[in-house]
file data-v3.cif (mmCIF, C-alpha atoms and all ligand atoms; chains and numbers go by the auth columns)
data_model
loop_
_atom_site.group_PDB
_atom_site.id
_atom_site.type_symbol
_atom_site.label_atom_id
_atom_site.label_comp_id
_atom_site.label_asym_id
_atom_site.label_seq_id
_atom_site.Cartn_x
_atom_site.Cartn_y
_atom_site.Cartn_z
_atom_site.B_iso_or_equiv
_atom_site.auth_seq_id
_atom_site.auth_asym_id
ATOM 1 C CA MET A 1 110.601 -106.018 -66.176 0.00 218 A
ATOM 2 C CA GLN A 2 110.481 -108.885 -63.767 0.00 219 A
ATOM 3 C CA LYS A 3 110.169 -112.342 -65.145 0.00 220 A
ATOM 4 C CA MET A 4 107.122 -114.321 -64.131 0.00 221 A
ATOM 5 C CA LYS A 5 108.077 -117.140 -61.834 0.00 222 A
ATOM 6 C CA LYS A 6 105.507 -119.602 -63.054 0.00 223 A
ATOM 7 C CA ASN A 7 102.730 -119.576 -65.579 0.00 224 A
ATOM 8 C CA LYS A 8 100.368 -121.489 -63.397 0.00 225 A
ATOM 9 C CA TYR A 9 97.433 -119.182 -63.451 0.00 226 A
ATOM 10 C CA LYS A 10 96.641 -118.518 -67.046 0.00 227 A
ATOM 11 C CA LEU A 11 93.473 -120.489 -66.712 0.00 228 A
ATOM 12 C CA LYS A 12 90.198 -118.787 -65.917 0.00 229 A
ATOM 13 C CA LYS A 13 86.755 -119.687 -64.736 0.00 230 A
ATOM 14 C CA ASN A 14 84.585 -121.190 -67.503 0.00 231 A
ATOM 15 C CA ASP A 15 87.591 -122.416 -69.468 0.00 232 A
ATOM 16 C CA GLN A 16 87.102 -125.768 -71.153 0.00 233 A
ATOM 17 C CA VAL A 17 89.940 -127.985 -69.970 0.00 234 A
ATOM 18 C CA LYS A 18 91.267 -131.499 -70.262 0.00 235 A
ATOM 19 C CA ILE A 19 92.704 -133.527 -67.410 0.00 236 A
ATOM 20 C CA ILE A 20 96.130 -134.791 -68.418 0.00 237 A
ATOM 21 C CA THR A 21 97.052 -137.009 -65.514 0.00 238 A
ATOM 22 C CA GLY A 22 95.558 -139.089 -62.703 0.00 239 A
ATOM 23 C CA LYS A 23 92.461 -141.250 -62.529 0.00 240 A
ATOM 24 C CA ASN A 24 90.353 -138.824 -64.546 0.00 241 A
ATOM 25 C CA ILE A 25 92.865 -138.635 -67.398 0.00 242 A
ATOM 26 C CA ASP A 26 91.433 -137.520 -70.759 0.00 243 A
ATOM 27 C CA ASN A 27 88.214 -136.243 -69.213 0.00 244 A
ATOM 28 C CA THR A 28 87.152 -132.774 -70.163 0.00 245 A
ATOM 29 C CA GLY A 29 85.058 -130.213 -68.347 0.00 246 A
ATOM 30 C CA LYS A 30 84.482 -126.606 -67.551 0.00 247 A
ATOM 31 C CA ILE A 31 86.278 -124.797 -64.758 0.00 248 A
ATOM 32 C CA LEU A 32 83.761 -123.768 -62.124 0.00 249 A
ATOM 33 C CA LYS A 33 86.183 -122.241 -59.680 0.00 250 A
ATOM 34 C CA ILE A 34 89.891 -121.578 -59.366 0.00 251 A
ATOM 35 C CA ASN A 35 91.706 -121.487 -56.068 0.00 252 A
ATOM 36 C CA LYS A 36 94.868 -119.526 -56.737 0.00 253 A
ATOM 37 C CA ALA A 37 96.076 -119.843 -53.171 0.00 254 A
ATOM 38 C CA ASN A 38 96.698 -123.549 -53.525 0.00 255 A
ATOM 39 C CA GLY A 39 96.776 -123.866 -57.306 0.00 256 A
ATOM 40 C CA THR A 40 93.704 -126.008 -57.809 0.00 257 A
ATOM 41 C CA ALA A 41 90.487 -125.833 -59.786 0.00 258 A
ATOM 42 C CA ILE A 42 87.031 -127.316 -59.499 0.00 259 A
ATOM 43 C CA ILE A 43 86.009 -128.833 -62.818 0.00 260 A
ATOM 44 C CA GLU A 44 82.356 -129.454 -63.572 0.00 261 A
ATOM 45 C CA GLY A 45 81.467 -133.111 -63.154 0.00 262 A
ATOM 46 C CA GLN A 46 85.081 -134.208 -62.691 0.00 263 A
ATOM 47 C CA ASN A 47 87.011 -135.797 -59.864 0.00 264 A
ATOM 48 C CA MET A 48 83.813 -136.591 -57.988 0.00 265 A
ATOM 49 C CA VAL A 49 84.144 -137.673 -54.399 0.00 266 A
ATOM 50 C CA LYS A 50 81.526 -138.846 -51.980 0.00 267 A
ATOM 51 C CA LYS A 51 81.178 -136.697 -48.958 0.00 268 A
ATOM 52 C CA ALA A 52 79.098 -137.106 -45.869 0.00 269 A
ATOM 53 C CA MET A 53 76.976 -134.013 -45.395 0.00 270 A
ATOM 54 C CA ARG A 54 75.244 -132.914 -42.300 0.00 271 A
ATOM 55 C CA GLN A 55 71.663 -131.934 -42.545 0.00 272 A
ATOM 56 C CA ASN A 56 71.267 -128.294 -43.533 0.00 273 A
ATOM 57 C CA LYS A 57 68.964 -125.976 -45.443 0.00 274 A
ATOM 58 C CA GLN A 58 70.282 -126.996 -48.866 0.00 275 A
ATOM 59 C CA ASN A 59 70.347 -130.655 -48.023 0.00 276 A
ATOM 60 C CA GLN A 60 67.326 -131.539 -45.959 0.00 277 A
ATOM 61 C CA LYS A 61 68.160 -135.185 -45.510 0.00 278 A
ATOM 62 C CA GLY A 62 71.897 -134.975 -45.017 0.00 279 A
ATOM 63 C CA GLY A 63 73.811 -138.137 -45.855 0.00 280 A
ATOM 64 C CA ILE A 64 76.213 -138.885 -48.692 0.00 281 A
ATOM 65 C CA VAL A 65 76.516 -136.474 -51.592 0.00 282 A
ATOM 66 C CA GLU A 66 78.891 -136.417 -54.527 0.00 283 A
ATOM 67 C CA ILE A 67 80.893 -133.266 -55.002 0.00 284 A
ATOM 68 C CA GLU A 68 83.718 -132.165 -57.263 0.00 285 A
ATOM 69 C CA ALA A 69 87.104 -132.354 -55.575 0.00 286 A
ATOM 70 C CA PRO A 70 89.783 -129.854 -56.589 0.00 287 A
ATOM 71 C CA VAL A 71 92.190 -130.816 -59.375 0.00 288 A
ATOM 72 C CA LYS A 72 95.696 -129.369 -59.497 0.00 289 A
ATOM 73 C CA LEU A 73 96.101 -126.737 -62.169 0.00 290 A
ATOM 74 C CA SER A 74 99.276 -128.499 -63.271 0.00 291 A
ATOM 75 C CA ASN A 75 97.157 -131.550 -64.102 0.00 292 A
ATOM 76 C CA ILE A 76 94.879 -129.794 -66.569 0.00 293 A
ATOM 77 C CA MET A 77 95.344 -128.144 -69.945 0.00 294 A
ATOM 78 C CA ILE A 78 93.129 -125.721 -71.779 0.00 295 A
ATOM 79 C CA LEU A 79 91.321 -127.052 -74.834 0.00 296 A
ATOM 80 C CA CYS A 80 91.630 -125.247 -78.148 0.00 297 A
ATOM 81 C CA LYS A 81 88.595 -125.691 -80.390 0.00 298 A
ATOM 82 C CA LYS A 82 90.904 -126.522 -83.278 0.00 299 A
ATOM 83 C CA CYS A 83 93.773 -128.517 -81.831 0.00 300 A
ATOM 84 C CA GLY A 84 92.648 -129.879 -78.491 0.00 301 A
ATOM 85 C CA PRO A 85 94.797 -129.606 -75.369 0.00 302 A
ATOM 86 C CA THR A 86 97.280 -126.800 -75.784 0.00 303 A
ATOM 87 C CA ARG A 87 99.418 -124.247 -74.025 0.00 304 A
ATOM 88 C CA ILE A 88 98.320 -120.690 -73.592 0.00 305 A
ATOM 89 C CA GLY A 89 100.193 -117.861 -75.215 0.00 306 A
ATOM 90 C CA PHE A 90 99.515 -114.162 -75.200 0.00 307 A
ATOM 91 C CA LYS A 91 99.346 -111.471 -77.792 0.00 308 A
ATOM 92 C CA ASN A 92 98.655 -107.795 -77.493 0.00 309 A
ATOM 93 C CA SER A 93 95.519 -106.572 -79.117 0.00 310 A
ATOM 94 C CA ASP A 94 95.779 -102.923 -80.135 0.00 311 A
ATOM 95 C CA ALA A 95 92.112 -102.814 -81.005 0.00 312 A
ATOM 96 C CA GLN A 96 90.972 -104.083 -77.646 0.00 313 A
ATOM 97 C CA LYS A 97 93.837 -102.518 -75.662 0.00 314 A
ATOM 98 C CA LYS A 98 94.498 -105.692 -73.755 0.00 315 A
ATOM 99 C CA LYS A 99 96.365 -108.938 -73.818 0.00 316 A
ATOM 100 C CA LEU A 100 94.580 -111.791 -75.475 0.00 317 A
ATOM 101 C CA ARG A 101 95.064 -115.424 -74.642 0.00 318 A
ATOM 102 C CA ILE A 102 95.890 -117.455 -77.679 0.00 319 A
ATOM 103 C CA CYS A 103 96.557 -121.091 -78.520 0.00 320 A
ATOM 104 C CA LYS A 104 100.316 -121.597 -78.853 0.00 321 A
ATOM 105 C CA LYS A 105 99.791 -124.113 -81.619 0.00 322 A
ATOM 106 C CA CYS A 106 97.431 -122.354 -84.006 0.00 323 A
ATOM 107 C CA GLY A 107 97.244 -118.798 -82.663 0.00 324 A
ATOM 108 C CA GLU A 108 93.464 -118.870 -82.217 0.00 325 A
ATOM 109 C CA GLU A 109 92.093 -116.680 -79.477 0.00 326 A
ATOM 110 C CA LEU A 110 91.071 -118.712 -76.452 0.00 327 A
HETATM 111 ZN ZN ZN B . 94.810 -124.233 -81.443 0.00 401 A
#

call {"tool": "encode", "arguments": {"input": "data-v3.cif", "output": "structure tokens"}}
result
Amino acid sequence: MQKMKKNKYKLKKNDQVKIITGKNIDNTGKILKINKANGTAIIEGQNMVKKAMRQNKQNQKGGIVEIEAPVKLSNIMILCKKCGPTRIGFKNSDAQKKKLRICKKCGEEL
């Protein structure tokens, strides 16, 4: 068995996460999108930046819009319903024949 190099990508789309560093510290939100290639995630309503948009079909007027900028996966932690920000562990579920993600603190399924 080869050891995993890094545990960067345990997070998934729709995970509820907390930002643990930077200007949006302590904010929480839902992951909308993960970019594994560069290790970032888009978090709903977080890390908003203003961007000049050209006129197009979605945006009739063009002009300045606010969009979510990617946040580094290393700057966010998953939220456990019981204990808040936590690390992700795994356990094998015989019943479901798959690995489950669990909270490393309390063992709850995430
Ligand atoms: Zn927990």

call {"tool": "residues_around", "arguments": {"input": "data-v3.cif", "residues": "range 244-246 of chain A", "least_positions_apart": "3", "cutoff": "7 Å", "atoms": "all atoms listed in the file", "output": "tab-separated table (two decimals) with C-alpha atoms, keeping the file's coordinate frame"}}
result
chain	number	residue	atom	x	y	z
A	233	GLN	CA	87.10	-125.77	-71.15
A	234	VAL	CA	89.94	-127.98	-69.97
A	235	LYS	CA	91.27	-131.50	-70.26
A	236	ILE	CA	92.70	-133.53	-67.41
A	241	ASN	CA	90.35	-138.82	-64.55
A	260	ILE	CA	86.01	-128.83	-62.82
A	261	GLU	CA	82.36	-129.45	-63.57
A	262	GLY	CA	81.47	-133.11	-63.15
A	263	GLN	CA	85.08	-134.21	-62.69

call {"tool": "resolve_selection", "arguments": {"input": "data-v3.cif", "expression": "the PyMOL selection byres (((chain A and resi 251-255) around 9) and not hetatm)", "output": "compact mmCIF listing (two decimals) with C-alpha atoms, keeping the file's coordinate frame"}}
result
# COMPACT_ATOMS: atom_id res chain seq x y z
CA LYS A 225 100.37 -121.49 -63.40
CA TYR A 226 97.43 -119.18 -63.45
CA LEU A 228 93.47 -120.49 -66.71
CA LYS A 229 90.20 -118.79 -65.92
CA LYS A 230 86.76 -119.69 -64.74
CA ILE A 248 86.28 -124.80 -64.76
CA LEU A 249 83.76 -123.77 -62.12
CA LYS A 250 86.18 -122.24 -59.68
CA GLY A 256 96.78 -123.87 -57.31
CA THR A 257 93.70 -126.01 -57.81
CA ALA A 258 90.49 -125.83 -59.79
CA ILE A 259 87.03 -127.32 -59.50
CA ILE A 260 86.01 -128.83 -62.82
CA PRO A 287 89.78 -129.85 -56.59
CA LYS A 289 95.70 -129.37 -59.50
CA LEU A 290 96.10 -126.74 -62.17

call {"tool": "resolve_selection", "arguments": {"input": "data-v3.cif", "expression": "the PyMOL selection byres (((not hetatm)) within 7 of (chain A and resi 401))", "output": "list of chain:residue names"}}
result
A:Cys297, A:Lys298, A:Lys299, A:Cys300, A:Gly301, A:Thr303, A:Cys320, A:Lys321, A:Lys322, A:Cys323, A:Gly324, A:Glu325

call {"tool": "atom_distance", "arguments": {"input": "data-v3.cif", "atom1": "CA of Val288 in chain A", "atom2": "CA of Ile319 in chain A"}}
result
23.0 Å

call {"tool": "atom_distance", "arguments": {"input": "data-v3.cif", "atom1": "CA of Pro302 in chain A", "atom2": "CA of Ile242 in chain A"}}
result
12.2 Å

call {"tool": "resolve_selection", "arguments": {"input": "data-v3.cif", "expression": "the PyMOL selection byres (((chain A and resi 264) around 6) and not hetatm)", "output": "list in words"}}
result
Gln263, Met265, Glu285 and Ala286 of chain A

call {"tool": "atom_distance", "arguments": {"input": "data-v3.cif", "atom1": "CA of Ile293 in chain A", "atom2": "CA of Gly306 in chain A"}}
result
15.7 Å

call {"tool": "closest_residue", "arguments": {"input": "data-v3.cif", "among": "A:Glu283, A:Asp243, A:Glu326, A:Asp232", "to": "Ser310 in chain A", "atoms": "all atoms listed in the file"}}
result
A:Glu326

call {"tool": "decode", "arguments": {"input": "data-v3.cif", "residues": "range 256-269 of chain A", "atoms": "all heavy atoms", "output": "mmCIF file, in the first residue's frame"}}
result
data_model
loop_
_atom_site.group_PDB
_atom_site.id
_atom_site.type_symbol
_atom_site.label_atom_id
_atom_site.label_comp_id
_atom_site.auth_asym_id
_atom_site.auth_seq_id
_atom_site.Cartn_x
_atom_site.Cartn_y
_atom_site.Cartn_z
ATOM 1 N N GLY A 256 -6.107 23.039 -6.021
ATOM 2 C CA GLY A 256 -6.348 22.957 -4.586
ATOM 3 C C GLY A 256 -7.146 24.108 -4.008
ATOM 4 O O GLY A 256 -6.839 24.609 -2.929
ATOM 5 N N THR A 257 -8.172 24.536 -4.725
ATOM 6 C CA THR A 257 -9.005 25.618 -4.212
ATOM 7 C C THR A 257 -10.471 25.217 -4.267
ATOM 8 O O THR A 257 -10.849 24.249 -4.940
ATOM 9 C CB THR A 257 -8.827 26.913 -5.038
ATOM 10 O OG1 THR A 257 -9.198 26.652 -6.388
ATOM 11 C CG2 THR A 257 -7.406 27.424 -4.980
ATOM 12 N N ALA A 258 -11.284 25.992 -3.543
ATOM 13 C CA ALA A 258 -12.724 25.760 -3.550
ATOM 14 C C ALA A 258 -13.455 27.088 -3.635
ATOM 15 O O ALA A 258 -12.957 28.107 -3.168
ATOM 16 C CB ALA A 258 -13.139 25.020 -2.283
ATOM 17 N N ILE A 259 -14.628 27.040 -4.242
ATOM 18 C CA ILE A 259 -15.522 28.193 -4.240
ATOM 19 C C ILE A 259 -16.517 27.964 -3.117
ATOM 20 O O ILE A 259 -17.181 26.929 -3.062
ATOM 21 C CB ILE A 259 -16.282 28.315 -5.579
ATOM 22 C CG1 ILE A 259 -15.316 28.460 -6.756
ATOM 23 C CG2 ILE A 259 -17.267 29.474 -5.534
ATOM 24 C CD1 ILE A 259 -14.617 29.783 -6.855
ATOM 25 N N ILE A 260 -16.609 28.929 -2.208
ATOM 26 C CA ILE A 260 -17.511 28.788 -1.070
ATOM 27 C C ILE A 260 -18.625 29.824 -1.191
ATOM 28 O O ILE A 260 -18.361 31.005 -1.403
ATOM 29 C CB ILE A 260 -16.762 28.963 0.254
ATOM 30 C CG1 ILE A 260 -15.633 27.931 0.327
ATOM 31 C CG2 ILE A 260 -17.707 28.803 1.431
ATOM 32 C CD1 ILE A 260 -14.641 28.220 1.406
ATOM 33 N N GLU A 261 -19.851 29.334 -1.056
ATOM 34 C CA GLU A 261 -21.027 30.167 -1.272
ATOM 35 C C GLU A 261 -20.986 31.442 -0.431
ATOM 36 O O GLU A 261 -20.895 31.387 0.791
ATOM 37 C CB GLU A 261 -22.277 29.360 -0.915
ATOM 38 C CG GLU A 261 -23.559 30.008 -1.358
ATOM 39 C CD GLU A 261 -24.762 29.099 -1.116
ATOM 40 O OE1 GLU A 261 -24.816 28.466 -0.044
ATOM 41 O OE2 GLU A 261 -25.599 28.997 -1.998
ATOM 42 N N GLY A 262 -21.035 32.564 -1.099
ATOM 43 C CA GLY A 262 -21.109 33.856 -0.417
ATOM 44 C C GLY A 262 -19.832 34.308 0.269
ATOM 45 O O GLY A 262 -19.841 35.282 1.019
ATOM 46 N N GLN A 263 -18.723 33.605 0.036
ATOM 47 C CA GLN A 263 -17.479 33.942 0.721
ATOM 48 C C GLN A 263 -16.392 34.396 -0.244
ATOM 49 O O GLN A 263 -16.357 33.978 -1.379
ATOM 50 C CB GLN A 263 -16.964 32.740 1.525
ATOM 51 C CG GLN A 263 -17.876 32.309 2.633
ATOM 52 C CD GLN A 263 -18.190 33.419 3.602
ATOM 53 O OE1 GLN A 263 -17.335 34.241 3.935
ATOM 54 N NE2 GLN A 263 -19.432 33.487 4.035
ATOM 55 N N ASN A 264 -15.518 35.239 0.298
ATOM 56 C CA ASN A 264 -14.380 35.723 -0.490
ATOM 57 C C ASN A 264 -14.847 36.419 -1.775
ATOM 58 O O ASN A 264 -14.330 36.173 -2.852
ATOM 59 C CB ASN A 264 -13.424 34.564 -0.805
ATOM 60 C CG ASN A 264 -12.003 35.056 -1.006
ATOM 61 O OD1 ASN A 264 -11.625 36.121 -0.510
ATOM 62 N ND2 ASN A 264 -11.217 34.315 -1.725
ATOM 63 N N MET A 265 -15.858 37.296 -1.600
ATOM 64 C CA MET A 265 -16.429 37.972 -2.752
ATOM 65 C C MET A 265 -15.435 38.977 -3.334
ATOM 66 O O MET A 265 -14.752 39.684 -2.603
ATOM 67 C CB MET A 265 -17.710 38.726 -2.363
ATOM 68 C CG MET A 265 -18.782 37.860 -1.735
ATOM 69 S SD MET A 265 -19.330 36.482 -2.765
ATOM 70 C CE MET A 265 -20.250 37.366 -4.021
ATOM 71 N N VAL A 266 -15.373 38.996 -4.630
ATOM 72 C CA VAL A 266 -14.562 40.007 -5.309
ATOM 73 C C VAL A 266 -15.404 40.651 -6.410
ATOM 74 O O VAL A 266 -16.286 40.018 -6.974
ATOM 75 C CB VAL A 266 -13.277 39.411 -5.938
ATOM 76 C CG1 VAL A 266 -12.296 38.986 -4.873
ATOM 77 C CG2 VAL A 266 -13.600 38.250 -6.853
ATOM 78 N N LYS A 267 -15.109 41.905 -6.634
ATOM 79 C CA LYS A 267 -15.815 42.603 -7.710
ATOM 80 C C LYS A 267 -15.098 42.325 -9.023
ATOM 81 O O LYS A 267 -13.879 42.321 -9.089
ATOM 82 C CB LYS A 267 -15.830 44.109 -7.436
ATOM 83 C CG LYS A 267 -16.758 44.475 -6.306
ATOM 84 C CD LYS A 267 -17.034 45.971 -6.294
ATOM 85 C CE LYS A 267 -18.161 46.304 -5.352
ATOM 86 N NZ LYS A 267 -17.788 46.084 -3.951
ATOM 87 N N LYS A 268 -15.873 42.062 -10.013
ATOM 88 C CA LYS A 268 -15.281 41.742 -11.294
ATOM 89 C C LYS A 268 -16.038 42.477 -12.397
ATOM 90 O O LYS A 268 -17.263 42.521 -12.391
ATOM 91 C CB LYS A 268 -15.374 40.226 -11.520
ATOM 92 C CG LYS A 268 -14.423 39.742 -12.571
ATOM 93 C CD LYS A 268 -14.426 38.232 -12.638
ATOM 94 C CE LYS A 268 -13.480 37.780 -13.745
ATOM 95 N NZ LYS A 268 -13.520 36.348 -13.960
ATOM 96 N N ALA A 269 -15.277 43.027 -13.285
ATOM 97 C CA ALA A 269 -15.900 43.709 -14.421
ATOM 98 C C ALA A 269 -16.319 42.675 -15.447
ATOM 99 O O ALA A 269 -15.517 41.863 -15.891
ATOM 100 C CB ALA A 269 -14.924 44.702 -15.023
#
